[in-house]
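Everything below belongs to structure30.cif, which stores mmCIF, C-alpha atoms.
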data_input
loop_
_atom_site.label_atom_id
_atom_site.label_comp_id
_atom_site.auth_asym_id
_atom_site.auth_seq_id
_atom_site.Cartn_x
_atom_site.Cartn_y
_atom_site.Cartn_z
CA MET A 336 8.79 14.72 11.37
CA GLU A 337 11.47 12.73 9.55
CA HIS A 338 11.89 10.32 12.44
CA LEU A 339 8.17 9.52 12.20
CA LEU A 340 8.67 8.67 8.53
CA ASP A 341 11.61 6.44 9.49
CA LEU A 342 9.37 4.60 11.97
CA ALA A 343 6.75 4.15 9.26
CA LEU A 344 9.29 2.77 6.78
CA GLY A 345 10.51 0.43 9.52
CA LEU A 346 6.96 -0.87 9.89
CA GLU A 347 6.80 -1.51 6.14
CA LYS A 348 9.90 -3.64 6.44
CA GLU A 349 8.48 -5.59 9.38
CA LEU A 350 5.21 -6.25 7.56
CA SER A 351 7.13 -7.38 4.48
CA GLU A 352 9.11 -9.84 6.59
CA LEU A 353 5.90 -11.18 8.11
CA LYS A 354 4.47 -11.79 4.62
CA GLN A 355 7.54 -13.85 3.74
CA SER A 356 6.93 -16.15 6.72
CA ASP A 357 4.80 -19.30 6.74
CA LEU A 358 2.10 -17.82 8.97
CA ASP A 359 -1.54 -18.70 8.45
CA ILE A 360 -3.41 -15.79 6.86
CA LYS A 361 -5.44 -15.13 10.02
CA GLU A 362 -2.32 -15.11 12.18
CA LEU A 363 -0.51 -12.91 9.66
CA ALA A 364 -3.42 -10.46 9.69
CA HIS A 365 -3.59 -10.48 13.49
CA LEU A 366 0.13 -9.82 14.01
CA SER A 367 0.16 -7.16 11.30
CA THR A 368 -2.72 -5.23 12.88
CA ILE A 369 -0.95 -5.27 16.24
CA LYS A 370 2.20 -3.78 14.73
CA CYS A 371 0.18 -1.08 12.95
CA GLN A 372 -1.75 -0.22 16.10
CA ASP A 373 1.46 0.05 18.11
CA LEU A 374 2.93 2.52 15.64
CA LEU A 375 -0.25 4.60 15.52
CA ARG A 376 -0.16 4.87 19.32
CA THR A 377 3.43 6.09 19.06
CA PHE A 378 2.40 8.61 16.40
CA LYS A 379 -0.48 9.90 18.51
CA LYS A 380 1.69 10.39 21.58
CA GLU A 381 4.28 12.27 19.53
CA ILE A 382 1.69 14.51 17.87
CA LEU A 383 -0.05 15.35 21.13
CA GLU A 384 3.23 16.19 22.84
CA LYS A 385 4.96 18.14 20.07
CA GLY A 386 2.33 19.12 17.51
CA PHE A 387 3.31 20.61 14.17
CA SER A 388 5.40 23.66 13.32
CA TYR A 389 3.26 24.65 10.33
CA GLN A 390 0.21 23.45 8.41
CA LYS A 391 2.12 21.86 5.51
CA GLN A 392 3.82 19.61 8.04
CA GLU A 393 0.46 18.59 9.46
CA ILE A 394 -0.95 17.87 6.00
CA ARG A 395 2.06 15.77 5.09
CA PHE A 396 1.69 13.70 8.25
CA PHE A 397 -2.02 12.91 7.87
CA LYS A 398 -1.93 12.53 4.09
CA LYS A 399 1.22 10.45 3.79
CA ILE A 400 2.99 9.32 6.96
CA LYS A 401 -0.05 8.25 9.00
CA GLN A 402 -1.34 6.39 5.95
CA ILE A 403 1.58 3.94 6.09
CA PRO A 404 0.28 2.15 9.21
CA MET A 405 -3.39 3.04 8.64
CA VAL A 406 -3.79 1.34 5.25
CA PRO A 407 -2.44 -2.08 6.30
CA LEU A 408 -4.31 -1.80 9.62
CA ILE A 409 -7.63 -1.51 7.78
CA TYR A 410 -6.62 -4.08 5.14
CA PHE A 411 -5.53 -6.77 7.59
CA SER A 412 -8.42 -6.06 9.95
CA GLU A 413 -10.82 -6.65 7.08
CA ILE A 414 -9.04 -9.83 6.03
CA HIS A 415 -9.05 -11.18 9.58
CA SER A 416 -12.77 -10.51 9.91
CA PHE A 417 -13.46 -11.99 6.46
CA GLU A 418 -11.53 -15.20 7.09
CA ILE A 419 -13.11 -15.77 10.51
CA GLN A 420 -16.61 -15.45 9.05
CA PHE A 421 -15.86 -17.32 5.82
CA PRO A 422 -18.10 -20.42 5.43
CA LYS A 423 -16.21 -23.60 6.21
CA ALA A 424 -17.96 -25.64 3.51
CA ASP A 425 -20.40 -25.40 0.57
CA ARG A 426 -18.67 -23.80 -2.38
CA LYS A 427 -21.79 -21.93 -3.48
CA ALA A 428 -22.15 -20.38 -0.04
CA GLN A 429 -18.49 -19.40 -0.11
CA GLN A 430 -18.84 -17.79 -3.53
CA LYS A 431 -21.93 -15.92 -2.40
CA PHE A 432 -20.09 -14.70 0.70
CA ILE A 433 -17.18 -13.31 -1.36
CA LYS A 434 -19.41 -11.71 -3.97
CA ARG A 435 -21.49 -10.02 -1.27
CA LYS A 436 -18.32 -8.54 0.24
CA ILE A 437 -17.14 -7.34 -3.17
CA GLN A 438 -20.54 -5.74 -3.74
CA CYS A 439 -20.25 -3.85 -0.44
CA LEU A 440 -16.82 -2.56 -1.45
CA ASN A 441 -18.10 -1.42 -4.83
CA GLN A 442 -20.90 0.47 -3.10
CA PHE A 443 -18.30 2.15 -0.89
CA PHE A 444 -16.35 3.33 -3.94
CA LEU A 445 -19.53 4.56 -5.58
CA ARG A 446 -20.49 6.60 -2.51
CA ASN A 447 -17.04 8.18 -2.41
CA LEU A 448 -16.52 8.63 -6.13
CA ASP A 449 -15.79 12.37 -5.96
CA PHE A 450 -13.12 11.98 -3.30
CA GLU A 451 -11.57 9.03 -5.14
CA ARG A 452 -11.30 11.16 -8.28
CA TYR A 453 -9.69 13.94 -6.24
CA VAL A 454 -7.10 11.51 -4.90
CA ASP A 455 -6.42 9.68 -8.18
CA ALA A 456 -6.02 12.95 -10.08
CA GLY A 457 -3.36 14.11 -7.64
CA TYR A 458 -5.24 17.28 -6.74
CA THR A 459 -4.12 19.28 -3.71
CA HIS A 460 -6.39 22.34 -3.63
CA PHE A 461 -8.56 20.92 -0.82
CA ASP A 462 -5.71 19.33 1.14
CA ALA A 463 -5.78 21.97 3.87
CA ALA A 464 -9.45 21.22 4.50
CA PHE A 465 -9.11 17.44 4.11
CA TYR A 466 -5.90 16.76 6.02
CA SER A 467 -5.69 19.33 8.81
CA ARG A 468 -7.51 19.13 12.13
CA ASP A 469 -8.85 22.70 11.92
CA HIS A 470 -11.73 21.46 9.74
CA ILE A 471 -12.63 18.27 11.63
CA ASN A 472 -16.20 19.46 12.27
CA GLU A 473 -16.84 20.94 8.83
CA TYR A 474 -16.79 17.82 6.65
CA HIS A 475 -19.14 15.22 8.06
CA LEU A 476 -18.78 11.58 7.12
CA MET A 477 -21.66 9.12 7.01
CA GLY A 478 -21.42 5.62 8.47
CA SER A 479 -20.97 4.04 11.87
CA ASP A 480 -17.19 4.00 11.52
CA TYR A 481 -17.16 7.77 11.76
CA TYR A 482 -19.53 8.40 14.68
CA PHE A 483 -16.48 9.24 16.76
CA GLN A 484 -13.22 10.67 15.55
CA ASP A 485 -10.44 11.73 17.88
CA PRO A 486 -10.20 15.46 17.07
CA ASP A 487 -6.55 15.51 18.18
CA PHE A 488 -5.47 12.70 15.86
CA SER A 489 -7.90 12.80 12.95
CA THR A 490 -8.77 15.02 10.01
CA PRO A 491 -11.92 15.08 7.87
CA ARG A 492 -10.49 12.73 5.24
CA ASP A 493 -7.42 10.89 6.54
CA MET A 494 -9.47 7.81 7.49
CA LEU A 495 -11.38 7.86 4.21
CA LEU A 496 -8.12 8.09 2.27
CA ALA A 497 -6.78 5.05 4.10
CA LYS A 498 -9.99 3.14 3.43
CA LEU A 499 -9.84 3.87 -0.29
CA ARG A 500 -6.35 2.43 -0.51
CA ALA A 501 -6.98 -0.52 1.78
CA TYR A 502 -10.20 -1.50 0.05
CA LYS A 503 -8.52 -1.51 -3.36
CA LEU A 504 -6.03 -4.03 -1.97
CA LEU A 505 -8.86 -5.95 -0.38
CA LEU A 506 -10.64 -6.23 -3.74
CA GLN A 507 -7.55 -7.89 -5.20
CA TYR A 508 -7.48 -10.31 -2.29
CA LEU A 509 -11.15 -11.18 -2.71
CA ASP A 510 -10.76 -11.65 -6.47
CA HIS A 511 -7.99 -14.14 -5.79
CA ARG A 512 -10.11 -15.99 -3.23
CA LEU A 513 -12.96 -16.19 -5.72
CA VAL A 514 -10.68 -17.65 -8.38
CA SER A 515 -9.30 -20.16 -5.88
CA LEU A 516 -12.74 -21.65 -5.33
CA ASN A 517 -13.00 -22.73 -8.95
CA HIS A 518 -9.50 -23.95 -9.68
CA SER A 519 -6.96 -26.27 -8.18
CA ASP A 520 -3.75 -24.81 -6.78
CA ALA A 521 -1.93 -25.65 -10.00
CA GLN A 522 -4.58 -23.96 -12.09
CA ILE A 523 -4.53 -20.89 -9.86
CA ASN A 524 -0.79 -20.56 -10.24
CA GLY A 525 -1.22 -20.83 -13.98
CA LEU A 526 -3.96 -18.21 -14.11
CA LEU A 527 -2.20 -15.73 -11.90
CA PHE A 528 1.42 -16.14 -12.82
CA SER A 529 1.77 -17.75 -16.24
CA ASP A 530 1.75 -14.42 -18.03
CA LYS A 531 4.54 -12.92 -15.95
CA LEU A 532 7.59 -11.73 -17.81
CA PRO A 533 10.89 -13.45 -17.00
CA TRP A 534 13.46 -11.48 -14.99
CA PRO A 535 16.95 -12.76 -15.83
CA PHE A 536 18.83 -9.78 -14.34
CA GLY A 537 18.98 -10.77 -10.66
CA ASP A 538 17.44 -9.48 -7.43
CA VAL A 539 19.73 -6.48 -6.96
CA ALA A 540 18.91 -5.25 -10.45
CA PHE A 541 15.21 -5.45 -9.62
CA ALA A 542 15.81 -3.46 -6.44
CA GLU A 543 17.63 -0.82 -8.49
CA MET A 544 14.59 -0.42 -10.73
CA VAL A 545 12.16 -0.20 -7.81
CA TYR A 546 14.17 2.43 -5.94
CA ALA A 547 14.82 4.41 -9.13
CA LEU A 548 11.11 4.60 -9.92
CA PHE A 549 10.34 5.57 -6.32
CA HIS A 550 12.83 8.42 -6.15
CA ALA A 551 12.22 9.54 -9.74
CA GLY A 552 8.67 10.52 -8.87
CA LEU A 553 6.41 7.66 -7.79
CA LYS A 554 6.89 8.60 -4.15
CA ASN A 555 5.07 11.82 -5.00
CA GLU A 556 2.10 9.66 -6.02
CA ASN A 557 1.84 8.35 -2.45
CA LEU A 558 3.38 5.01 -3.41
CA THR A 559 5.81 3.26 -1.09
CA ILE A 560 8.79 1.06 -1.94
CA ILE A 561 6.82 -2.05 -1.02
CA GLN A 562 3.79 -1.02 -3.07
CA ILE A 563 5.93 -0.41 -6.16
CA TYR A 564 7.70 -3.72 -5.62
CA ARG A 565 4.39 -5.58 -5.33
CA LYS A 566 2.99 -3.98 -8.47
CA LEU A 567 6.07 -4.80 -10.52
CA GLN A 568 6.04 -8.30 -9.08
CA GLU A 569 2.67 -8.80 -10.78
CA VAL A 570 4.43 -8.22 -14.10
CA PHE A 571 7.86 -9.81 -13.60
CA ASP A 572 8.61 -13.29 -12.31
CA VAL A 573 10.79 -12.33 -9.36
CA GLU A 574 10.62 -12.87 -5.60
CA ILE A 575 12.73 -10.82 -3.18
CA LYS A 576 12.91 -11.58 0.53
CA ASP A 577 14.35 -8.27 1.74
CA ILE A 578 14.45 -5.38 -0.73
CA TYR A 579 15.78 -3.02 1.94
CA LYS A 580 18.84 -5.24 2.45
CA LEU A 581 19.48 -5.25 -1.29
CA PHE A 582 19.40 -1.46 -1.29
CA GLN A 583 22.15 -1.45 1.33
CA GLU A 584 24.18 -3.75 -0.93
CA MET A 585 23.72 -1.28 -3.77
CA LYS A 586 24.97 1.59 -1.60
CA SER A 587 28.07 -0.35 -0.56
CA ARG A 588 29.23 -1.12 -4.10
CA LYS A 589 32.76 -0.01 -4.83
CA LYS A 590 32.13 0.62 -8.53
CA SER A 591 28.82 1.75 -9.98
CA ARG A 592 25.96 1.81 -7.49
CA THR A 593 23.50 1.61 -10.39
CA ALA A 594 25.07 -1.07 -12.58
CA PHE A 595 21.78 -2.37 -13.96
CA LEU A 596 20.37 1.08 -14.73
CA ASP A 597 23.65 2.01 -16.38
CA LYS A 598 23.40 -1.15 -18.48
CA LEU A 599 19.84 -0.30 -19.51
CA MET A 600 20.81 3.20 -20.55
CA GLN A 601 23.86 1.99 -22.46
CA ALA A 602 21.86 -0.68 -24.31
CA LEU A 603 19.23 1.87 -25.36
CA LEU A 604 21.81 4.43 -26.48
CA GLU A 605 23.70 1.83 -28.51
CA GLU A 606 20.49 0.78 -30.26
CA MET A 607 19.66 4.43 -31.05
CA GLU A 608 23.13 4.95 -32.49
CA ARG A 609 22.81 1.75 -34.55
CA MET A 610 19.48 2.94 -35.97
CA ASP A 611 20.90 6.37 -36.73
CA ALA A 612 23.81 4.77 -38.56
CA HIS A 613 21.38 3.06 -40.93
#

Structure re-expressed in structure tokens:
Amino acid sequence: MEHLLDLALGLEKELSELKQSDLDIKELAHLSTIKCQDLLRTFKKEILEKGFSYQKQEIRFFKKIKQIPMVPLIYFSEIHSFEIQFPKADRKAQQKFIKRKIQCLNQFFLRNLDFERYVDAGYTHFDAAFYSRDHINEYHLMGSDYYFQDPDFSTPRDMLLAKLRAYKLLLQYLDHRLVSLNHSDAQINGLLFSDKLPWPFGDVAFAEMVYALFHAGLKNENLTIIQIYRKLQEVFDVEIKDIYKLFQEMKSRKKSRTAFLDKLMQALLEEMERMDAH
């Protein structure tokens, strides 16, 4: 099971590297979907050949590991389809096209409100029914996407879980595209990035913070290293090309492997002591 997780984390790294390239969005989406599909085929072959030793292992795979390629597969597939169909001219037609897509996504979230609440609340009491194949015929899903589900590689809710996560990312993408229709590139950069906090501590320090948050508990919230990095990047003005490489640099340090975190802790403790002294 762990080697499947390693493959999934390797895919995350590959997708991150693709995003750093100068590829057109349609080409980026196309290449990303291919990589995700390749990994899912590898997963399926492995599962069919070896299966699972116990149910918790099966739940972990469909709820967490399979999600790593599934979410970007859906996300980039949707983006590719959107960009191909996007009107080439007429700003009003373009705005209408984006708003119609956003409306469809909002309807999706409304239809699946109960499941979204279950996921967001971190509940697990239905996980055996949602993420194991024993119940594939007991929880029916509406919509053409679900007319056929491979019973050997699907559970009642693993696809729906991936769609929830992918569509949330897609909403952000569509919001950005909508803003871009009404502002010049300079104005867009100002709207989206002017409120970012400065990050004067360096790239390795940022990587320390990301990995610390991940291992301190955010990984239990189904967040990946890249997802945490992207979220924090919305707050802090920092751009890292390869966060995985920076982590290796941290591990190879001769002195403190967590120099920035140590500095944060020391600064806070010193301020507490100063306040106590007064």

Step by step, gather every atom of region 575-590 of chain A that the file lists, find the box along x, y and z that holds them, add 6 Å on each side, and finally give centre and edge lengths in Å to one decimal, as AutoDock Vina command-line options.
--center_x 22.7 --center_y -5.0 --center_z -3.0 --size_x 32.0 --size_y 25.2 --size_z 23.0

- Task: Within 10 Å of region 594-596 of chain A, counting only C-alpha atoms, which residues show up once you throw out same-chain ones fewer than 4 positions away? Write them as a ChimeraX atom specification, please.
- Result: /A:536-537,539-544,547,585,588,590,600-602

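Close to (-16.0, -18.9, -3.3), meaning no more than 6 Å away when counting only C-alpha atoms, sit the residues Arg426, Gln429, Gln430, Leu513 and Leu516 of chain A.
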
- Between A:Ala463, A:Leu532, A:Ala456, A:Leu346, single out the one closest to Lys391 (chain A), counting all atoms listed in the file. A:Ala463

- Message: Which residues, named as in the file, does the PyMOL selection byres ((chain A and resi 490) around 9) pick out? Answer as a PyMOL selection string.
- Response: chain A and resi 397+464-472+484-489+491-494

- Message: Quick check on the file I pasted: which residues fall under the PyMOL selection byres ((chain A and resi 564) around 9)? Write them as a VMD selection string.
- Response: chain A and resid 541 to 542 545 to 546 559 to 563 565 to 569 578

- Message: To one decimal place in Å, what is the distance between CA of Lys589 (chain A) and CA of Asp538 (chain A)?
- Response: 18.2 Å

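Shortest atom-to-atom contact with Lys531 (chain A) among A:Ala497, A:Phe549, A:Phe571, A:Asp597: A:Phe571, counting only C-alpha atoms.
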
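Going from CA of Glu556 (chain A) to CA of Leu344 (chain A) covers 16.2 Å.
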
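For the atom pair formed by CA of Leu339 (chain A) and CA of Ile394 (chain A), the distance is 13.8 Å, given to one decimal.
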